[in-house]
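Engineer: Structure: work_18.cif, mmCIF, C-alpha atoms.
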data_data
#
loop_
_atom_site.label_atom_id
_atom_site.label_comp_id
_atom_site.auth_asym_id
_atom_site.auth_seq_id
_atom_site.Cartn_x
_atom_site.Cartn_y
_atom_site.Cartn_z
CA MET A 1 15.43 87.18 -27.60
CA ALA A 2 13.19 84.28 -26.57
CA LYS A 3 9.59 84.40 -27.70
CA THR A 4 7.01 84.54 -24.93
CA MET A 5 4.50 81.71 -25.30
CA ASN A 6 0.82 82.43 -24.85
CA LYS A 7 -1.79 79.87 -23.73
CA GLU A 8 -2.60 78.89 -27.32
CA ASP A 9 1.07 78.22 -28.04
CA ILE A 10 1.32 76.03 -24.93
CA ARG A 11 -1.78 74.04 -25.89
CA THR A 12 -0.45 73.55 -29.43
CA LYS A 13 2.97 72.39 -28.22
CA SER A 14 1.43 70.03 -25.71
CA SER A 15 -0.78 68.55 -28.42
CA ASN A 16 2.18 68.13 -30.76
CA ASN A 17 4.27 66.46 -28.05
CA LYS A 18 1.45 64.10 -27.23
CA ALA A 19 1.07 63.18 -30.89
CA MET A 20 4.81 62.57 -31.19
CA ASN A 21 4.82 60.41 -28.06
CA ASP A 22 1.83 58.46 -29.31
CA SER A 23 3.57 57.96 -32.64
CA ASN A 24 6.74 56.70 -30.94
CA SER A 25 4.67 54.45 -28.71
CA ASN A 26 2.98 52.92 -31.74
CA ILE A 27 6.37 52.09 -33.21
CA GLU A 28 8.12 50.59 -30.17
CA GLU A 29 5.52 49.21 -27.81
CA PRO A 30 4.18 46.31 -29.90
CA SER A 31 7.62 44.72 -30.14
CA ILE A 32 8.04 44.89 -26.35
CA VAL A 33 4.63 43.40 -25.72
CA LYS A 34 5.25 40.72 -28.34
CA ASP A 35 8.51 39.72 -26.69
CA GLU A 36 6.73 39.30 -23.37
CA ILE A 37 3.98 37.22 -24.94
CA ASP A 38 6.46 35.08 -26.86
CA GLU A 39 8.43 34.26 -23.73
CA ASP A 40 5.44 33.49 -21.48
CA ASP A 41 2.76 31.98 -23.70
CA VAL A 42 1.42 28.54 -22.82
CA ASP A 43 0.59 27.94 -26.49
CA ILE A 44 3.89 26.71 -27.95
CA THR A 45 2.81 27.67 -31.48
CA LYS A 46 3.21 31.32 -30.43
CA LEU A 47 6.72 30.94 -29.05
CA ARG A 48 9.67 32.43 -30.87
CA THR A 49 12.57 30.06 -31.44
CA PRO A 50 16.07 31.57 -31.28
CA ILE A 51 18.04 31.11 -34.47
CA LYS A 52 21.01 29.69 -32.62
CA VAL A 53 22.08 29.25 -29.01
CA ASP A 54 25.75 28.80 -28.15
CA LEU A 55 25.95 25.60 -26.11
CA SER A 56 29.73 25.41 -25.85
CA ALA A 57 29.64 26.30 -22.14
CA VAL A 58 27.12 23.51 -21.52
CA TYR A 59 29.20 20.95 -23.40
CA ASN A 60 32.37 22.00 -21.58
CA PHE A 61 30.64 21.79 -18.21
CA LEU A 62 29.39 18.24 -18.71
CA GLY A 63 31.78 15.33 -18.39
CA ALA A 64 30.22 13.23 -21.16
CA ARG A 65 27.95 13.65 -24.16
CA THR A 66 24.72 11.78 -24.69
CA THR A 67 25.27 8.55 -26.58
CA GLN A 68 23.69 7.82 -29.96
CA ALA A 69 22.11 4.74 -28.39
CA TRP A 70 20.12 6.94 -26.00
CA VAL A 71 19.03 9.27 -28.82
CA ASP A 72 17.87 6.29 -30.90
CA ALA A 73 15.92 4.85 -27.98
CA ALA A 74 14.34 8.23 -27.20
CA ILE A 75 13.22 8.74 -30.79
CA ALA A 76 11.63 5.28 -30.71
CA ASN A 77 9.77 6.15 -27.47
CA VAL A 78 8.80 9.81 -27.88
CA PRO A 79 5.61 9.63 -25.72
CA LEU A 80 7.63 8.30 -22.77
CA ILE A 81 10.25 11.02 -23.19
CA ILE A 82 7.57 13.72 -23.37
CA GLN A 83 5.90 12.57 -20.16
CA ASP A 84 9.18 12.18 -18.30
CA HIS A 85 10.08 15.68 -19.46
CA ALA A 86 6.83 16.89 -17.88
CA ASN A 87 7.76 15.06 -14.68
CA CYS A 88 11.19 16.72 -14.71
CA GLU A 89 9.70 20.20 -15.03
CA LYS A 90 7.27 19.52 -12.18
CA LYS A 91 10.00 18.08 -9.95
CA ALA A 92 12.29 21.03 -10.66
CA ALA A 93 9.57 23.45 -9.59
CA GLY A 94 8.81 21.35 -6.50
CA THR A 95 12.46 21.19 -5.49
CA ALA A 96 12.82 24.95 -5.87
CA MET A 97 9.66 25.47 -3.80
CA ASN A 98 11.03 23.30 -1.00
CA LEU A 99 14.30 25.24 -1.06
CA ILE A 100 12.55 28.59 -0.96
CA PHE A 101 10.98 27.62 2.39
CA ARG A 102 14.12 26.06 3.84
CA TYR A 103 16.60 28.79 2.94
CA GLU A 104 14.93 32.14 3.58
CA PHE A 105 18.07 34.00 4.64
CA SER A 106 19.39 34.83 1.16
CA TYR A 107 17.67 37.48 -0.98
CA ASP A 108 19.49 36.41 -4.15
CA LEU A 109 18.62 32.77 -3.56
CA GLN A 110 14.94 33.56 -2.88
CA ARG A 111 14.65 35.77 -5.96
CA LYS A 112 16.31 33.24 -8.28
CA LEU A 113 14.24 30.38 -6.90
CA ALA A 114 11.02 32.36 -7.35
CA GLN A 115 11.94 33.04 -10.98
CA LEU A 116 12.84 29.40 -11.50
CA ILE A 117 9.54 28.16 -10.07
CA ARG A 118 7.57 30.39 -12.45
CA GLU A 119 9.61 29.26 -15.44
CA GLU A 120 9.54 25.54 -14.63
CA MET A 121 5.78 25.56 -14.05
CA LEU A 122 5.26 27.38 -17.34
CA HIS A 123 7.28 24.69 -19.09
CA TYR A 124 5.28 22.01 -17.28
CA GLU A 125 2.05 23.57 -18.52
CA GLN A 126 3.45 23.77 -22.05
CA VAL A 127 4.42 20.09 -22.06
CA LEU A 128 0.99 19.15 -20.71
CA GLY A 129 -0.44 21.04 -23.68
CA ILE A 130 1.76 19.04 -26.04
CA MET A 131 0.53 15.80 -24.50
CA ASN A 132 -3.07 16.94 -24.81
CA ASP A 133 -2.63 17.97 -28.46
CA ARG A 134 -1.10 14.58 -29.24
CA GLY A 135 -3.97 12.77 -27.51
CA GLN A 136 -1.47 11.31 -25.05
CA ALA A 137 -2.98 10.16 -21.76
CA TRP A 138 -1.04 10.58 -18.51
CA LYS A 139 0.40 7.31 -17.24
CA TYR A 140 2.35 6.39 -14.14
CA LEU A 141 6.07 6.65 -14.75
CA SER A 142 8.55 5.83 -12.02
CA ALA A 143 11.58 8.02 -11.39
CA GLY A 144 14.86 6.93 -12.91
CA ARG A 145 18.18 6.53 -11.13
CA TYR A 146 19.72 9.82 -12.28
CA ALA A 147 18.85 12.37 -9.58
CA LYS A 148 19.02 9.80 -6.79
CA GLY A 149 22.40 8.69 -8.05
CA MET A 150 23.77 12.18 -7.47
CA LEU A 151 21.82 13.08 -4.33
CA LYS A 152 23.20 10.08 -2.45
CA HIS A 153 26.57 11.91 -2.47
CA LYS A 154 25.12 15.10 -0.96
CA ARG A 155 26.77 16.20 2.26
CA THR A 156 24.52 16.21 5.33
CA TYR A 157 25.50 19.43 7.10
CA GLU A 158 24.77 23.04 6.19
CA PRO A 159 25.61 25.04 4.18
CA ALA A 160 27.48 22.20 2.42
CA ALA A 161 24.24 20.29 1.81
CA MET A 162 22.67 23.27 0.08
CA VAL A 163 25.81 23.86 -1.98
CA ASP A 164 25.72 20.25 -3.19
CA VAL A 165 22.00 20.45 -4.02
CA LEU A 166 22.63 23.52 -6.16
CA ILE A 167 25.60 21.92 -7.92
CA ILE A 168 23.48 18.85 -8.67
CA GLY A 169 20.78 21.19 -9.98
CA ALA A 170 23.35 22.75 -12.30
CA PHE A 171 24.18 19.35 -13.81
CA ILE A 172 20.51 18.43 -14.22
CA GLU A 173 19.83 21.69 -16.06
CA ALA A 174 22.91 21.37 -18.26
CA ARG A 175 22.07 17.78 -19.16
CA SER A 176 18.49 18.77 -19.98
CA CYS A 177 19.80 21.44 -22.32
CA GLU A 178 22.21 19.04 -24.01
CA ARG A 179 19.46 16.49 -24.59
CA PHE A 180 16.97 19.04 -25.92
CA ALA A 181 19.59 19.99 -28.49
CA ALA A 182 20.30 16.36 -29.39
CA LEU A 183 16.60 15.55 -29.85
CA ALA A 184 15.81 18.71 -31.80
CA GLU A 185 18.33 17.69 -34.45
CA VAL A 186 16.71 14.37 -35.30
CA ILE A 187 13.14 14.15 -34.02
CA ASP A 188 10.52 13.62 -36.72
CA ASP A 189 8.12 16.21 -35.31
CA GLU A 190 8.89 19.78 -36.35
CA ARG A 191 6.58 21.29 -33.74
CA LEU A 192 8.29 19.37 -30.94
CA ALA A 193 11.74 20.09 -32.39
CA LYS A 194 10.91 23.79 -32.46
CA TYR A 195 9.83 23.67 -28.82
CA TYR A 196 13.03 21.94 -27.76
CA ARG A 197 15.06 24.62 -29.58
CA TYR A 198 13.03 27.28 -27.77
CA LEU A 199 13.90 25.70 -24.41
CA LEU A 200 17.63 25.93 -25.11
CA LYS A 201 17.64 29.66 -24.41
CA SER A 202 16.50 29.30 -20.82
CA GLU A 203 18.07 25.94 -20.02
CA SER A 204 21.49 27.03 -21.27
CA ARG A 205 21.71 29.71 -18.59
CA HIS A 206 20.13 27.84 -15.67
CA PHE A 207 23.19 25.79 -14.81
CA GLU A 208 25.30 28.94 -14.42
CA ASP A 209 22.66 30.47 -12.13
CA TYR A 210 22.80 27.37 -9.94
CA LEU A 211 26.58 27.48 -9.77
CA ALA A 212 26.61 31.17 -8.88
CA LEU A 213 24.13 30.57 -6.07
CA ALA A 214 26.15 27.61 -4.80
CA GLN A 215 29.34 29.68 -4.70
CA SER A 216 27.54 32.54 -2.93
CA LEU A 217 26.72 30.19 -0.04
CA SER A 218 30.27 28.89 0.37
CA GLU A 219 33.31 30.70 1.73
CA ASP A 220 35.54 28.20 -0.07
CA SER A 221 35.75 27.51 -3.80
CA ILE A 222 33.16 24.99 -5.01
CA ASP A 223 35.40 23.80 -7.86
CA GLU A 224 36.35 20.56 -6.11
CA ARG A 225 32.70 19.61 -5.53
CA VAL A 226 31.80 20.53 -9.10
CA ALA A 227 34.60 18.28 -10.39
CA PHE A 228 33.39 15.46 -8.14
CA PHE A 229 29.78 15.65 -9.34
CA LYS A 230 30.98 16.00 -12.93
CA GLU A 231 32.44 12.49 -12.69
CA VAL A 232 29.37 11.10 -10.92
CA GLU A 233 26.99 12.59 -13.50
CA ALA A 234 29.07 11.42 -16.46
CA GLU A 235 29.10 7.88 -15.09
CA LEU A 236 25.31 7.88 -14.69
CA ILE A 237 24.89 9.08 -18.28
CA SER A 238 27.46 6.77 -19.87
CA SER A 239 26.90 3.50 -18.01
CA PRO A 240 24.22 0.92 -18.96
CA ASP A 241 20.71 1.73 -17.72
CA HIS A 242 17.72 -0.61 -17.82
CA GLU A 243 15.15 2.21 -17.70
CA LEU A 244 14.67 4.79 -20.44
CA ARG A 245 14.10 8.24 -19.02
CA PHE A 246 14.90 11.80 -20.08
CA HIS A 247 18.08 11.67 -17.95
CA SER A 248 18.82 7.96 -18.16
CA GLY A 249 22.10 6.35 -19.09
CA THR A 250 23.01 4.30 -22.14
CA PRO A 251 20.17 1.82 -22.83
CA ALA A 252 21.18 -1.62 -21.58
#
Give the structure from this file in structure tokens form.

Structural biologist:
Amino acid sequence: MAKTMNKEDIRTKSSNNKAMNDSNSNIEEPSIVKDEIDEDDVDITKLRTPIKVDLSAVYNFLGARTTQAWVDAAIANVPLIIQDHANCEKKAAGTAMNLIFRYEFSYDLQRKLAQLIREEMLHYEQVLGIMNDRGQAWKYLSAGRYAKGMLKHKRTYEPAAMVDVLIIGAFIEARSCERFAALAEVIDDERLAKYYRYLLKSESRHFEDYLALAQSLSEDSIDERVAFFKEVEAELISSPDHELRFHSGTPA
């Protein structure tokens, strides 16, 4: 037979439940909060670096790997690479902002672009912090040939133009990821190397997000356009380039 609970029993049980919930909260909540701080903190010294990120999908997607000549030139010109990285983050956020105004019909596209803008601007702020900590002044740096070299092949009618822009975005993100990994292996700055390894987690998934969005806007398979831009991008990365930039080709 069930025991009838009086008011004192109810108060005691409620107190015990509250204590148990508080105890559980004390165990679990800090790790959740810490994860959020680690992922969104402007101070790169507080960021957690993943032990290892599988980049096989990135390498398979790209048509060519970064040459040792580019890595050597980048290591010899780290301040330039850092500032051009900042420019890339700012441009990525600006491009996504333009797209979010031009293509308001797709909920998935709007949501992904909004997330991307937040993430790219956070990275921009983090790189600005790196420059400030290094005592590196901002200097004018012209854009390289990379993005323009792909955008000149963009179709001019919709939704094909948007599909091409998203495919190009996928290659830019994948190449960024590949170069962060290449630099992190050899750069003589552990703090910067750690930051580049941290970026791999987000950058390694961005290109797939772009491809998924591109396919969602097309009734036909985008595989042919992806294969086309794969060749264009590989040529831009492998051929001689007279300007050193984060996405430049082999130093001439």

Engineer: Please evaluate the PyMOL selection byres ((chain A and resi 194-202) around 6) against the displayed coordinates and give the resulting residues as a ChimeraX atom specification.

Structural biologist: /A:49,177,180,184,190-193,203-205

Engineer: Since we have the selection now, will you write its residues out, keeping C-alpha atoms, as a PDB file, in the coordinates of the input?

Structural biologist:
ATOM      1  CA  THR A  49      12.570  30.060 -31.440  1.00  0.00           C
ATOM      2  CA  CYS A 177      19.800  21.440 -22.320  1.00  0.00           C
ATOM      3  CA  PHE A 180      16.970  19.040 -25.920  1.00  0.00           C
ATOM      4  CA  ALA A 184      15.810  18.710 -31.800  1.00  0.00           C
ATOM      5  CA  GLU A 190       8.890  19.780 -36.350  1.00  0.00           C
ATOM      6  CA  ARG A 191       6.580  21.290 -33.740  1.00  0.00           C
ATOM      7  CA  LEU A 192       8.290  19.370 -30.940  1.00  0.00           C
ATOM      8  CA  ALA A 193      11.740  20.090 -32.390  1.00  0.00           C
ATOM      9  CA  GLU A 203      18.070  25.940 -20.020  1.00  0.00           C
ATOM     10  CA  SER A 204      21.490  27.030 -21.270  1.00  0.00           C
ATOM     11  CA  ARG A 205      21.710  29.710 -18.590  1.00  0.00           C
TER      12      ARG A 205
END

Engineer: Can you pull out every residue within 12 Å of A:Trp138, counting all atoms listed in the file, but drop anything in the same chain fewer than 6 positions away, and send it as a ChimeraX atom specification?

Structural biologist: /A:79-80,82-84,86-87,127-132

Engineer: What separation in Å, quoted to one decimal, exists between atom CA of A:Asp108 and atom CA of A:Leu213?

Structural biologist: 7.7 Å

Engineer: Within 12 Å of A:Gln215, counting all atoms listed in the file, which residues show up once you throw out same-chain ones fewer than 4 positions away? Write them as a VMD selection string, please.

Structural biologist: chain A and resid 108 to 109 159 to 160 162 to 167 170 208 to 211 219 to 226

Engineer: So which residues touch A:Lys91 within 12 Å, counting only C-alpha atoms, skipping near sequence neighbours fewer than 2 positions away, as a PDB file with C-alpha atoms, keeping the file's coordinate frame?

Structural biologist:
ATOM      1  CA  ASP A  84       9.180  12.180 -18.300  1.00  0.00           C
ATOM      2  CA  HIS A  85      10.080  15.680 -19.460  1.00  0.00           C
ATOM      3  CA  ALA A  86       6.830  16.890 -17.880  1.00  0.00           C
ATOM      4  CA  ASN A  87       7.760  15.060 -14.680  1.00  0.00           C
ATOM      5  CA  CYS A  88      11.190  16.720 -14.710  1.00  0.00           C
ATOM      6  CA  GLU A  89       9.700  20.200 -15.030  1.00  0.00           C
ATOM      7  CA  ALA A  93       9.570  23.450  -9.590  1.00  0.00           C
ATOM      8  CA  GLY A  94       8.810  21.350  -6.500  1.00  0.00           C
ATOM      9  CA  THR A  95      12.460  21.190  -5.490  1.00  0.00           C
ATOM     10  CA  ALA A  96      12.820  24.950  -5.870  1.00  0.00           C
ATOM     11  CA  MET A  97       9.660  25.470  -3.800  1.00  0.00           C
ATOM     12  CA  ASN A  98      11.030  23.300  -1.000  1.00  0.00           C
ATOM     13  CA  LEU A 116      12.840  29.400 -11.500  1.00  0.00           C
ATOM     14  CA  ILE A 117       9.540  28.160 -10.070  1.00  0.00           C
ATOM     15  CA  GLU A 120       9.540  25.540 -14.630  1.00  0.00           C
ATOM     16  CA  MET A 121       5.780  25.560 -14.050  1.00  0.00           C
ATOM     17  CA  HIS A 123       7.280  24.690 -19.090  1.00  0.00           C
ATOM     18  CA  TYR A 124       5.280  22.010 -17.280  1.00  0.00           C
ATOM     19  CA  ALA A 143      11.580   8.020 -11.390  1.00  0.00           C
ATOM     20  CA  ALA A 147      18.850  12.370  -9.580  1.00  0.00           C
ATOM     21  CA  GLY A 169      20.780  21.190  -9.980  1.00  0.00           C
ATOM     22  CA  ILE A 172      20.510  18.430 -14.220  1.00  0.00           C
TER      23      ILE A 172
END

Engineer: What's the separation between atom CA of A:Gln126 and atom CA of A:Lys90, in Å to one decimal place?

Structural biologist: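 These atoms are spaced 11.4 Å apart.
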
Engineer: Out of A:Ser248, A:Leu217, A:Ala182, A:Ala64, which residue has the shortest atom-to-atom distance to A:Ser106 when counting only C-alpha atoms?

Structural biologist: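 Among the listed residues, the smallest separation from A:Ser106 belongs to A:Leu217.
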
Engineer: Export stretch 111-123 of chain A of the preceding structure, keeping all heavy atoms, as an mmCIF file, in the first residue's frame.

Structural biologist:
data_model
loop_
_atom_site.group_PDB
_atom_site.id
_atom_site.type_symbol
_atom_site.label_atom_id
_atom_site.label_comp_id
_atom_site.auth_asym_id
_atom_site.auth_seq_id
_atom_site.Cartn_x
_atom_site.Cartn_y
_atom_site.Cartn_z
ATOM 1 N N ARG A 111 20.091 30.905 -43.267
ATOM 2 C CA ARG A 111 20.580 30.445 -41.963
ATOM 3 C C ARG A 111 22.081 30.128 -42.020
ATOM 4 O O ARG A 111 22.849 30.532 -41.145
ATOM 5 C CB ARG A 111 19.801 29.201 -41.530
ATOM 6 C CG ARG A 111 20.200 28.638 -40.170
ATOM 7 C CD ARG A 111 19.250 27.524 -39.760
ATOM 8 N NE ARG A 111 19.229 26.459 -40.740
ATOM 9 C CZ ARG A 111 20.092 25.447 -40.785
ATOM 10 N NH1 ARG A 111 21.060 25.374 -39.883
ATOM 11 N NH2 ARG A 111 19.991 24.505 -41.692
ATOM 12 N N LYS A 112 22.492 29.415 -43.066
ATOM 13 C CA LYS A 112 23.907 29.061 -43.205
ATOM 14 C C LYS A 112 24.769 30.307 -43.409
ATOM 15 O O LYS A 112 25.878 30.410 -42.861
ATOM 16 C CB LYS A 112 24.100 28.097 -44.375
ATOM 17 C CG LYS A 112 23.665 26.677 -44.102
ATOM 18 C CD LYS A 112 24.628 26.002 -43.130
ATOM 19 C CE LYS A 112 24.306 24.527 -42.983
ATOM 20 N NZ LYS A 112 25.215 23.861 -42.013
ATOM 21 N N LEU A 113 24.274 31.243 -44.196
ATOM 22 C CA LEU A 113 25.041 32.464 -44.435
ATOM 23 C C LEU A 113 25.170 33.283 -43.158
ATOM 24 O O LEU A 113 26.234 33.862 -42.888
ATOM 25 C CB LEU A 113 24.373 33.296 -45.532
ATOM 26 C CG LEU A 113 24.486 32.752 -46.960
ATOM 27 C CD1 LEU A 113 23.631 33.570 -47.917
ATOM 28 C CD2 LEU A 113 25.936 32.746 -47.435
ATOM 29 N N ALA A 114 24.103 33.336 -42.366
ATOM 30 C CA ALA A 114 24.163 34.075 -41.102
ATOM 31 C C ALA A 114 25.196 33.453 -40.165
ATOM 32 O O ALA A 114 25.981 34.164 -39.518
ATOM 33 C CB ALA A 114 22.783 34.093 -40.437
ATOM 34 N N GLN A 115 25.221 32.131 -40.107
ATOM 35 C CA GLN A 115 26.213 31.446 -39.277
ATOM 36 C C GLN A 115 27.630 31.716 -39.792
ATOM 37 O O GLN A 115 28.564 31.943 -39.012
ATOM 38 C CB GLN A 115 25.934 29.932 -39.285
ATOM 39 C CG GLN A 115 24.649 29.538 -38.583
ATOM 40 C CD GLN A 115 24.301 28.073 -38.815
ATOM 41 O OE1 GLN A 115 24.902 27.405 -39.648
ATOM 42 N NE2 GLN A 115 23.321 27.570 -38.079
ATOM 43 N N LEU A 116 27.772 31.692 -41.103
ATOM 44 C CA LEU A 116 29.080 31.906 -41.711
ATOM 45 C C LEU A 116 29.595 33.317 -41.432
ATOM 46 O O LEU A 116 30.775 33.504 -41.116
ATOM 47 C CB LEU A 116 28.992 31.663 -43.221
ATOM 48 C CG LEU A 116 30.307 31.747 -43.994
ATOM 49 C CD1 LEU A 116 31.251 30.633 -43.573
ATOM 50 C CD2 LEU A 116 30.053 31.683 -45.491
ATOM 51 N N ILE A 117 28.721 34.305 -41.528
ATOM 52 C CA ILE A 117 29.118 35.693 -41.267
ATOM 53 C C ILE A 117 29.642 35.834 -39.851
ATOM 54 O O ILE A 117 30.695 36.445 -39.619
ATOM 55 C CB ILE A 117 27.931 36.643 -41.506
ATOM 56 C CG1 ILE A 117 27.584 36.700 -43.000
ATOM 57 C CG2 ILE A 117 28.250 38.052 -40.985
ATOM 58 C CD1 ILE A 117 26.242 37.328 -43.296
ATOM 59 N N ARG A 118 28.923 35.252 -38.881
ATOM 60 C CA ARG A 118 29.366 35.333 -37.486
ATOM 61 C C ARG A 118 30.743 34.694 -37.313
ATOM 62 O O ARG A 118 31.627 35.237 -36.649
ATOM 63 C CB ARG A 118 28.365 34.629 -36.564
ATOM 64 C CG ARG A 118 27.058 35.351 -36.393
ATOM 65 C CD ARG A 118 26.327 34.873 -35.141
ATOM 66 N NE ARG A 118 26.180 33.437 -35.086
ATOM 67 C CZ ARG A 118 25.156 32.763 -35.599
ATOM 68 N NH1 ARG A 118 24.195 33.409 -36.232
ATOM 69 N NH2 ARG A 118 25.082 31.448 -35.492
ATOM 70 N N GLU A 119 30.919 33.532 -37.927
ATOM 71 C CA GLU A 119 32.169 32.793 -37.753
ATOM 72 C C GLU A 119 33.346 33.495 -38.432
ATOM 73 O O GLU A 119 34.432 33.601 -37.860
ATOM 74 C CB GLU A 119 32.000 31.377 -38.303
ATOM 75 C CG GLU A 119 33.098 30.435 -37.885
ATOM 76 C CD GLU A 119 32.738 28.985 -38.147
ATOM 77 O OE1 GLU A 119 31.580 28.597 -37.877
ATOM 78 O OE2 GLU A 119 33.617 28.242 -38.619
ATOM 79 N N GLU A 120 33.113 34.000 -39.655
ATOM 80 C CA GLU A 120 34.201 34.666 -40.373
ATOM 81 C C GLU A 120 34.610 35.961 -39.674
ATOM 82 O O GLU A 120 35.801 36.286 -39.600
ATOM 83 C CB GLU A 120 33.784 34.966 -41.819
ATOM 84 C CG GLU A 120 33.374 33.755 -42.648
ATOM 85 C CD GLU A 120 34.531 32.816 -42.968
ATOM 86 O OE1 GLU A 120 35.621 32.976 -42.392
ATOM 87 O OE2 GLU A 120 34.347 31.922 -43.810
ATOM 88 N N MET A 121 33.647 36.701 -39.139
ATOM 89 C CA MET A 121 33.986 37.939 -38.449
ATOM 90 C C MET A 121 34.707 37.659 -37.129
ATOM 91 O O MET A 121 35.568 38.437 -36.710
ATOM 92 C CB MET A 121 32.727 38.773 -38.205
ATOM 93 C CG MET A 121 32.176 39.417 -39.470
ATOM 94 S SD MET A 121 33.418 40.353 -40.416
ATOM 95 C CE MET A 121 33.860 41.654 -39.258
ATOM 96 N N LEU A 122 34.357 36.561 -36.477
ATOM 97 C CA LEU A 122 35.096 36.172 -35.277
ATOM 98 C C LEU A 122 36.545 35.871 -35.633
ATOM 99 O O LEU A 122 37.475 36.319 -34.956
ATOM 100 C CB LEU A 122 34.449 34.950 -34.628
ATOM 101 C CG LEU A 122 35.234 34.330 -33.458
ATOM 102 C CD1 LEU A 122 35.360 35.314 -32.296
ATOM 103 C CD2 LEU A 122 34.567 33.043 -32.991
ATOM 104 N N HIS A 123 36.746 35.124 -36.709
ATOM 105 C CA HIS A 123 38.108 34.812 -37.140
ATOM 106 C C HIS A 123 38.859 36.087 -37.522
ATOM 107 O O HIS A 123 40.058 36.219 -37.226
ATOM 108 C CB HIS A 123 38.084 33.842 -38.321
ATOM 109 C CG HIS A 123 37.549 32.494 -37.970
ATOM 110 N ND1 HIS A 123 37.190 31.558 -38.926
ATOM 111 C CD2 HIS A 123 37.305 31.914 -36.771
ATOM 112 C CE1 HIS A 123 36.757 30.469 -38.315
ATOM 113 N NE2 HIS A 123 36.814 30.666 -37.010
#
